[in-house]
file protein_14.cif (mmCIF, C-alpha atoms)
data_input
#
loop_
_atom_site.group_PDB
_atom_site.id
_atom_site.type_symbol
_atom_site.label_atom_id
_atom_site.label_comp_id
_atom_site.auth_asym_id
_atom_site.auth_seq_id
_atom_site.Cartn_x
_atom_site.Cartn_y
_atom_site.Cartn_z
ATOM 1 C CA MET A 1 -24.538 -16.526 0.119
ATOM 2 C CA SER A 2 -23.231 -15.959 3.615
ATOM 3 C CA GLU A 3 -23.951 -18.146 6.620
ATOM 4 C CA ASN A 4 -23.113 -17.397 10.229
ATOM 5 C CA GLY A 5 -20.266 -19.337 11.764
ATOM 6 C CA THR A 6 -20.756 -22.304 14.056
ATOM 7 C CA PHE A 7 -18.688 -23.388 17.070
ATOM 8 C CA HIS A 8 -17.581 -26.990 17.631
ATOM 9 C CA GLU A 9 -15.542 -28.939 20.211
ATOM 10 C CA SER A 10 -13.709 -32.192 19.540
ATOM 11 C CA ASN A 11 -11.022 -33.928 21.598
ATOM 12 C CA GLY A 12 -10.127 -30.793 23.558
ATOM 13 C CA ARG A 13 -9.760 -28.630 20.449
ATOM 14 C CA TYR A 14 -12.238 -26.073 19.200
ATOM 15 C CA SER A 15 -13.217 -24.928 15.759
ATOM 16 C CA LEU A 16 -15.191 -22.238 14.022
ATOM 17 C CA ARG A 17 -16.817 -23.189 10.738
ATOM 18 C CA PHE A 18 -18.136 -20.819 8.090
ATOM 19 C CA LYS A 19 -19.712 -21.542 4.715
ATOM 20 C CA ARG A 20 -19.942 -19.205 1.772
ATOM 21 C CA SER A 21 -21.394 -19.778 -1.699
ATOM 22 C CA PHE A 22 -20.045 -18.111 -4.821
ATOM 23 C CA SER A 23 -21.343 -17.879 -8.367
ATOM 24 C CA GLN A 24 -17.749 -18.293 -9.599
ATOM 25 C CA LYS A 25 -16.138 -21.659 -10.273
ATOM 26 C CA ALA A 26 -13.721 -23.142 -7.739
ATOM 27 C CA GLU A 27 -10.723 -22.292 -9.966
ATOM 28 C CA GLU A 28 -11.574 -18.580 -9.865
ATOM 29 C CA VAL A 29 -12.197 -18.528 -6.105
ATOM 30 C CA PHE A 30 -9.033 -20.555 -5.435
ATOM 31 C CA ALA A 31 -7.001 -18.122 -7.540
ATOM 32 C CA VAL A 32 -8.221 -15.225 -5.367
ATOM 33 C CA LEU A 33 -7.717 -17.254 -2.190
ATOM 34 C CA THR A 34 -4.069 -17.992 -2.956
ATOM 35 C CA ASP A 35 -3.125 -14.653 -4.552
ATOM 36 C CA PRO A 36 -0.747 -12.813 -2.176
ATOM 37 C CA ASP A 37 -2.160 -9.349 -2.999
ATOM 38 C CA SER A 38 -5.748 -10.468 -2.450
ATOM 39 C CA PHE A 39 -4.766 -12.409 0.685
ATOM 40 C CA THR A 40 -3.498 -9.238 2.376
ATOM 41 C CA GLN A 41 -6.825 -7.503 1.753
ATOM 42 C CA TRP A 42 -8.944 -9.951 3.738
ATOM 43 C CA TYR A 43 -6.657 -12.077 5.937
ATOM 44 C CA PRO A 44 -5.524 -10.493 9.240
ATOM 45 C CA PHE A 45 -1.816 -9.750 9.602
ATOM 46 C CA ALA A 46 -0.871 -11.230 6.208
ATOM 47 C CA THR A 47 2.168 -9.495 4.714
ATOM 48 C CA GLY A 48 1.785 -10.809 1.161
ATOM 49 C CA GLU A 49 4.879 -12.987 1.432
ATOM 50 C CA MET A 50 3.582 -16.431 0.438
ATOM 51 C CA ASP A 51 5.239 -19.492 -1.018
ATOM 52 C CA VAL A 52 2.026 -21.020 -2.369
ATOM 53 C CA ARG A 53 2.771 -24.747 -2.409
ATOM 54 C CA LEU A 54 2.577 -27.689 -0.032
ATOM 55 C CA GLY A 55 5.120 -26.994 2.727
ATOM 56 C CA GLY A 56 5.432 -23.339 1.688
ATOM 57 C CA GLU A 57 5.470 -20.513 4.222
ATOM 58 C CA ILE A 58 3.154 -17.572 4.737
ATOM 59 C CA ALA A 59 4.476 -14.491 6.550
ATOM 60 C CA PHE A 60 2.402 -12.569 9.100
ATOM 61 C CA ASP A 61 2.993 -9.404 11.125
ATOM 62 C CA ASP A 62 0.603 -8.331 13.876
ATOM 63 C CA GLY A 63 1.506 -4.653 13.432
ATOM 64 C CA GLU A 64 2.736 -4.510 17.028
ATOM 65 C CA GLY A 65 6.226 -5.870 16.507
ATOM 66 C CA THR A 66 5.507 -9.593 16.245
ATOM 67 C CA ALA A 67 6.280 -11.276 12.935
ATOM 68 C CA TYR A 68 5.668 -14.984 12.483
ATOM 69 C CA LYS A 69 5.371 -17.647 9.788
ATOM 70 C CA GLY A 70 2.651 -20.074 8.854
ATOM 71 C CA SER A 71 3.190 -23.346 7.063
ATOM 72 C CA ILE A 72 0.985 -24.712 4.256
ATOM 73 C CA THR A 73 -0.118 -28.194 5.332
ATOM 74 C CA GLU A 74 -2.558 -29.078 2.528
ATOM 75 C CA PHE A 75 -2.656 -27.756 -1.018
ATOM 76 C CA GLU A 76 -4.818 -29.328 -3.705
ATOM 77 C CA GLU A 77 -5.568 -26.838 -6.446
ATOM 78 C CA PRO A 78 -8.376 -25.744 -6.838
ATOM 79 C CA PHE A 79 -10.141 -27.368 -3.901
ATOM 80 C CA LEU A 80 -8.054 -27.248 -0.708
ATOM 81 C CA PHE A 81 -5.793 -24.736 1.016
ATOM 82 C CA ALA A 82 -4.795 -25.315 4.654
ATOM 83 C CA PHE A 83 -2.058 -23.941 6.870
ATOM 84 C CA HIS A 84 -0.871 -23.613 10.439
ATOM 85 C CA GLU A 85 -0.837 -19.990 11.452
ATOM 86 C CA GLY A 86 2.221 -19.549 13.623
ATOM 87 C CA GLY A 87 1.613 -22.499 15.940
ATOM 88 C CA ALA A 88 -1.300 -24.676 16.958
ATOM 89 C CA ASP A 89 -4.017 -22.798 15.047
ATOM 90 C CA LEU A 90 -5.029 -24.473 11.807
ATOM 91 C CA ILE A 91 -6.922 -22.806 8.964
ATOM 92 C CA ARG A 92 -8.520 -25.165 6.430
ATOM 93 C CA ILE A 93 -10.366 -23.776 3.410
ATOM 94 C CA SER A 94 -12.047 -26.175 1.030
ATOM 95 C CA LEU A 95 -14.037 -25.539 -2.125
ATOM 96 C CA GLN A 96 -16.678 -27.762 -3.683
ATOM 97 C CA GLU A 97 -18.284 -27.340 -7.077
ATOM 98 C CA GLU A 98 -21.943 -26.465 -6.618
ATOM 99 C CA ASN A 99 -24.508 -25.689 -9.317
ATOM 100 C CA ASN A 100 -22.844 -23.048 -11.517
ATOM 101 C CA GLY A 101 -20.394 -21.941 -8.841
ATOM 102 C CA CYS A 102 -18.796 -23.285 -5.691
ATOM 103 C CA ARG A 103 -19.216 -23.515 -1.939
ATOM 104 C CA MET A 104 -16.396 -22.633 0.427
ATOM 105 C CA THR A 105 -16.013 -24.161 3.881
ATOM 106 C CA PHE A 106 -13.647 -22.227 6.136
ATOM 107 C CA VAL A 107 -12.580 -23.912 9.393
ATOM 108 C CA HIS A 108 -10.328 -22.397 12.063
ATOM 109 C CA THR A 109 -9.191 -24.924 14.698
ATOM 110 C CA PHE A 110 -7.661 -23.627 17.939
ATOM 111 C CA GLU A 111 -7.058 -24.480 21.606
ATOM 112 C CA ASP A 112 -8.550 -21.688 23.746
ATOM 113 C CA PRO A 113 -12.368 -21.514 23.673
ATOM 114 C CA SER A 114 -12.379 -18.083 25.323
ATOM 115 C CA TRP A 115 -11.375 -16.657 21.928
ATOM 116 C CA ALA A 116 -14.347 -18.176 20.070
ATOM 117 C CA VAL A 117 -16.693 -15.165 20.101
ATOM 118 C CA PRO A 118 -14.265 -12.393 19.063
ATOM 119 C CA THR A 119 -12.588 -14.707 16.562
ATOM 120 C CA ALA A 120 -15.927 -15.674 14.994
ATOM 121 C CA ALA A 121 -16.881 -12.009 14.665
ATOM 122 C CA GLY A 122 -13.515 -11.266 13.077
ATOM 123 C CA TRP A 123 -13.680 -14.134 10.598
ATOM 124 C CA HIS A 124 -17.253 -13.215 9.680
ATOM 125 C CA ARG A 125 -16.020 -9.751 8.697
ATOM 126 C CA CYS A 126 -12.918 -11.103 6.915
ATOM 127 C CA LEU A 127 -14.944 -13.579 4.881
ATOM 128 C CA ASP A 128 -17.373 -10.816 3.921
ATOM 129 C CA ALA A 129 -14.338 -8.895 2.588
ATOM 130 C CA PHE A 130 -13.126 -12.026 0.788
ATOM 131 C CA GLY A 131 -16.527 -12.294 -0.912
ATOM 132 C CA GLN A 132 -16.252 -8.703 -2.086
ATOM 133 C CA ILE A 133 -12.846 -9.444 -3.636
ATOM 134 C CA VAL A 134 -14.117 -12.597 -5.363
ATOM 135 C CA ASN A 135 -17.015 -10.573 -6.796
ATOM 136 C CA GLY A 136 -14.654 -7.875 -8.111
ATOM 137 C CA GLU A 137 -15.885 -5.261 -5.642
ATOM 138 C CA GLN A 138 -13.909 -2.687 -3.701
ATOM 139 C CA VAL A 139 -13.434 -3.954 -0.135
ATOM 140 C CA LYS A 140 -15.610 -2.015 2.310
ATOM 141 C CA TRP A 141 -15.388 -3.073 5.945
ATOM 142 C CA GLU A 142 -18.719 -2.726 7.697
ATOM 143 C CA GLU A 143 -18.700 -1.260 11.199
ATOM 144 C CA ASN A 144 -20.474 -4.318 12.603
ATOM 145 C CA ALA A 145 -17.864 -5.944 14.871
ATOM 146 C CA ALA A 146 -19.724 -5.192 18.117
ATOM 147 C CA GLU A 147 -23.027 -6.499 16.726
ATOM 148 C CA LEU A 148 -21.333 -9.660 15.456
ATOM 149 C CA ARG A 149 -19.643 -10.272 18.816
ATOM 150 C CA GLU A 150 -23.021 -9.962 20.529
ATOM 151 C CA MET A 151 -24.686 -12.258 17.988
ATOM 152 C CA TYR A 152 -21.973 -14.928 18.328
ATOM 153 C CA SER A 153 -21.969 -14.621 22.106
ATOM 154 C CA GLU A 154 -25.674 -15.483 22.123
ATOM 155 C CA ALA A 155 -25.375 -18.192 19.464
ATOM 156 C CA PHE A 156 -22.498 -20.005 21.122
ATOM 157 C CA LYS A 157 -24.129 -19.867 24.540
ATOM 158 C CA MET A 158 -27.122 -21.691 23.040
ATOM 159 C CA GLU A 159 -24.929 -24.320 21.346
ATOM 160 C CA ARG A 160 -23.023 -25.300 24.465
#
call {"tool": "encode", "arguments": {"input": "protein_14.cif", "output": "structure tokens"}}
result
Amino acid sequence: MSENGTFHESNGRYSLRFKRSFSQKAEEVFAVLTDPDSFTQWYPFATGEMDVRLGGEIAFDDGEGTAYKGSITEFEEPFLFAFHEGGADLIRISLQEENNGCRMTFVHTFEDPSWAVPTAAGWHRCLDAFGQIVNGEQVKWEENAAELREMYSEAFKMER
């Protein structure tokens, strides 16, 4: 199950929160989440170079000449994977057992609220691709970025 993202502000920082439900157990979803080959299929700019452990690094390349590293800040298999992505941005992905599967909570914390709408639209699409991978499907990116940006623009205006 896919839910739309929500926008939050706390102590001068901002976050986008998404929830997804899977029929697979947390161990299976966590294995996909932390697999370098799978990671490159759904996570923007990931190169596949990952040292998957607490304190390990994740390599990124924006495709325009900028390469940077992220640092894994929390790692509790199979329930928590968090990392700084090249600076102040923090990605925190947690899994909770639920019924016969699990529920994922994805939170991106950042400093500049002007990026909230395009970032929410991007993560929505990325998490849809992640769901396809978890379900053993071929990744197909929908051409819905403009519609998602419009939807999040309206949603976040109402929340503020």
call {"tool": "atom_distance", "arguments": {"input": "protein_14.cif", "atom1": "atom CA of A:His108", "atom2": "atom CA of A:Gly136"}}
result
25.2 Å
call {"tool": "closest_residue", "arguments": {"input": "protein_14.cif", "among": "A:Glu137, A:Asp51, A:Glu27, A:Asp128", "to": "A:Glu76", "atoms": "only C-alpha atoms"}}
result
A:Glu27
call {"tool": "closest_residue", "arguments": {"input": "protein_14.cif", "among": "A:Phe60, A:Gln96, A:Gly87, A:Phe106", "to": "A:Pro44", "atoms": "all atoms listed in the file"}}
result
A:Phe60
call {"tool": "atom_distance", "arguments": {"input": "protein_14.cif", "atom1": "atom CA of A:Ala59", "atom2": "atom CA of A:Thr73"}}
result
14.5 Å
call {"tool": "resolve_selection", "arguments": {"input": "protein_14.cif", "expression": "the PyMOL selection byres ((chain A and resi 142) around 12)", "output": "NGL selection string"}}
result
:A and (121-122 or 124-129 or 132 or 139-141 or 143-148)
call {"tool": "write_last_selection", "arguments": {"input": "protein_14.cif", "atoms": "C-alpha atoms", "output": "PDB file, keeping the file's coordinate frame"}}
result
ATOM      1  CA  ALA A 121     -16.881 -12.009  14.665  1.00  0.00           C
ATOM      2  CA  GLY A 122     -13.515 -11.266  13.077  1.00  0.00           C
ATOM      3  CA  HIS A 124     -17.253 -13.215   9.680  1.00  0.00           C
ATOM      4  CA  ARG A 125     -16.020  -9.751   8.697  1.00  0.00           C
ATOM      5  CA  CYS A 126     -12.918 -11.103   6.915  1.00  0.00           C
ATOM      6  CA  LEU A 127     -14.944 -13.579   4.881  1.00  0.00           C
ATOM      7  CA  ASP A 128     -17.373 -10.816   3.921  1.00  0.00           C
ATOM      8  CA  ALA A 129     -14.338  -8.895   2.588  1.00  0.00           C
ATOM      9  CA  GLN A 132     -16.252  -8.703  -2.086  1.00  0.00           C
ATOM     10  CA  VAL A 139     -13.434  -3.954  -0.135  1.00  0.00           C
ATOM     11  CA  LYS A 140     -15.610  -2.015   2.310  1.00  0.00           C
ATOM     12  CA  TRP A 141     -15.388  -3.073   5.945  1.00  0.00           C
ATOM     13  CA  GLU A 143     -18.700  -1.260  11.199  1.00  0.00           C
ATOM     14  CA  ASN A 144     -20.474  -4.318  12.603  1.00  0.00           C
ATOM     15  CA  ALA A 145     -17.864  -5.944  14.871  1.00  0.00           C
ATOM     16  CA  ALA A 146     -19.724  -5.192  18.117  1.00  0.00           C
ATOM     17  CA  GLU A 147     -23.027  -6.499  16.726  1.00  0.00           C
ATOM     18  CA  LEU A 148     -21.333  -9.660  15.456  1.00  0.00           C
TER      19      LEU A 148
END
call {"tool": "closest_residue", "arguments": {"input": "protein_14.cif", "among": "A:Ala26, A:Met151, A:Val134, A:Leu80", "to": "A:Gln41", "atoms": "all atoms listed in the file"}}
result
A:Val134
call {"tool": "closest_atom_pairs", "arguments": {"input": "protein_14.cif", "of": "stretch 96-136 of chain A", "to": "stretch 10-16 of chain A", "cutoff": "10 Å", "atoms": "all atoms listed in the file", "output": "tab-separated table"}}
result
residue	atom	partner	partner_atom	distance
A:Phe106	CA	A:Leu16	CA	8.0
A:Val107	CA	A:Leu16	CA	5.6
A:His108	CA	A:Leu16	CA	5.2
A:Thr109	CA	A:Ser15	CA	4.2
A:Phe110	CA	A:Tyr14	CA	5.3
A:Glu111	CA	A:Arg13	CA	5.1
A:Asp112	CA	A:Tyr14	CA	7.3
A:Pro113	CA	A:Tyr14	CA	6.4
A:Trp115	CA	A:Tyr14	CA	9.8
A:Ala116	CA	A:Leu16	CA	7.3
A:Val117	CA	A:Leu16	CA	9.4
A:Thr119	CA	A:Leu16	CA	8.4
A:Ala120	CA	A:Leu16	CA	6.7
A:Trp123	CA	A:Leu16	CA	8.9
call {"tool": "decode", "arguments": {"input": "protein_14.cif", "residues": "stretch 85-153 of chain A", "atoms": "C-alpha atoms", "output": "compact mmCIF listing (two decimals), in the first residue's frame"}}
result
# COMPACT_ATOMS: atom_id res chain seq x y z
CA GLU A 85 23.46 12.12 2.24
CA GLY A 86 26.47 14.30 1.57
CA GLY A 87 25.82 16.88 4.28
CA ALA A 88 22.89 18.05 6.36
CA ASP A 89 20.21 15.91 4.69
CA LEU A 90 19.27 12.82 6.68
CA ILE A 91 17.43 9.79 5.31
CA ARG A 92 15.90 7.47 7.91
CA ILE A 93 14.11 4.29 6.83
CA SER A 94 12.49 2.12 9.46
CA LEU A 95 10.57 -1.12 9.15
CA GLN A 96 7.96 -2.51 11.52
CA GLU A 97 6.43 -5.96 11.44
CA GLU A 98 2.76 -5.67 10.54
CA ASN A 99 0.25 -8.49 10.05
CA ASN A 100 1.96 -10.90 7.63
CA GLY A 101 4.35 -8.29 6.25
CA CYS A 102 5.88 -4.99 7.27
CA ARG A 103 5.38 -1.25 7.14
CA MET A 104 8.15 1.08 6.01
CA THR A 105 8.46 4.67 7.19
CA PHE A 106 10.77 6.78 5.04
CA VAL A 107 11.77 10.21 6.39
CA HIS A 108 13.96 12.76 4.61
CA THR A 109 15.05 15.66 6.86
CA PHE A 110 16.50 18.79 5.25
CA GLU A 111 17.03 22.53 5.73
CA ASP A 112 15.49 24.36 2.75
CA PRO A 113 11.67 24.18 2.60
CA SER A 114 11.62 25.49 -0.98
CA TRP A 115 12.69 21.99 -2.06
CA ALA A 116 9.76 20.23 -0.36
CA VAL A 117 7.41 19.91 -3.35
CA PRO A 118 9.85 18.66 -6.02
CA THR A 119 11.59 16.44 -3.47
CA ALA A 120 8.29 14.90 -2.34
CA ALA A 121 7.33 14.19 -5.95
CA GLY A 122 10.73 12.61 -6.55
CA TRP A 123 10.62 10.42 -3.45
CA HIS A 124 7.07 9.34 -4.26
CA ARG A 125 8.32 8.05 -7.62
CA CYS A 126 11.46 6.48 -6.11
CA LEU A 127 9.48 4.65 -3.44
CA ASP A 128 7.07 3.37 -6.08
CA ALA A 129 10.13 1.92 -7.88
CA PHE A 130 11.39 0.47 -4.59
CA GLY A 131 8.02 -1.27 -4.14
CA GLN A 132 8.32 -2.79 -7.60
CA ILE A 133 11.76 -4.18 -6.73
CA VAL A 134 10.53 -5.62 -3.41
CA ASN A 135 7.66 -7.30 -5.28
CA GLY A 136 10.04 -8.83 -7.84
CA GLU A 137 8.75 -6.65 -10.68
CA GLN A 138 10.68 -4.93 -13.44
CA VAL A 139 11.08 -1.25 -12.53
CA LYS A 140 8.85 0.94 -14.69
CA TRP A 141 9.00 4.67 -14.00
CA GLU A 142 5.63 6.31 -14.50
CA GLU A 143 5.57 9.65 -16.30
CA ASN A 144 3.77 11.31 -13.39
CA ALA A 145 6.33 13.78 -12.01
CA ALA A 146 4.40 16.90 -13.07
CA GLU A 147 1.13 15.57 -11.62
CA LEU A 148 2.86 14.65 -8.35
CA ARG A 149 4.48 18.09 -8.08
CA GLU A 150 1.06 19.69 -8.54
CA MET A 151 -0.54 17.36 -6.00
CA TYR A 152 2.17 18.01 -3.39
CA SER A 153 2.09 21.74 -4.07
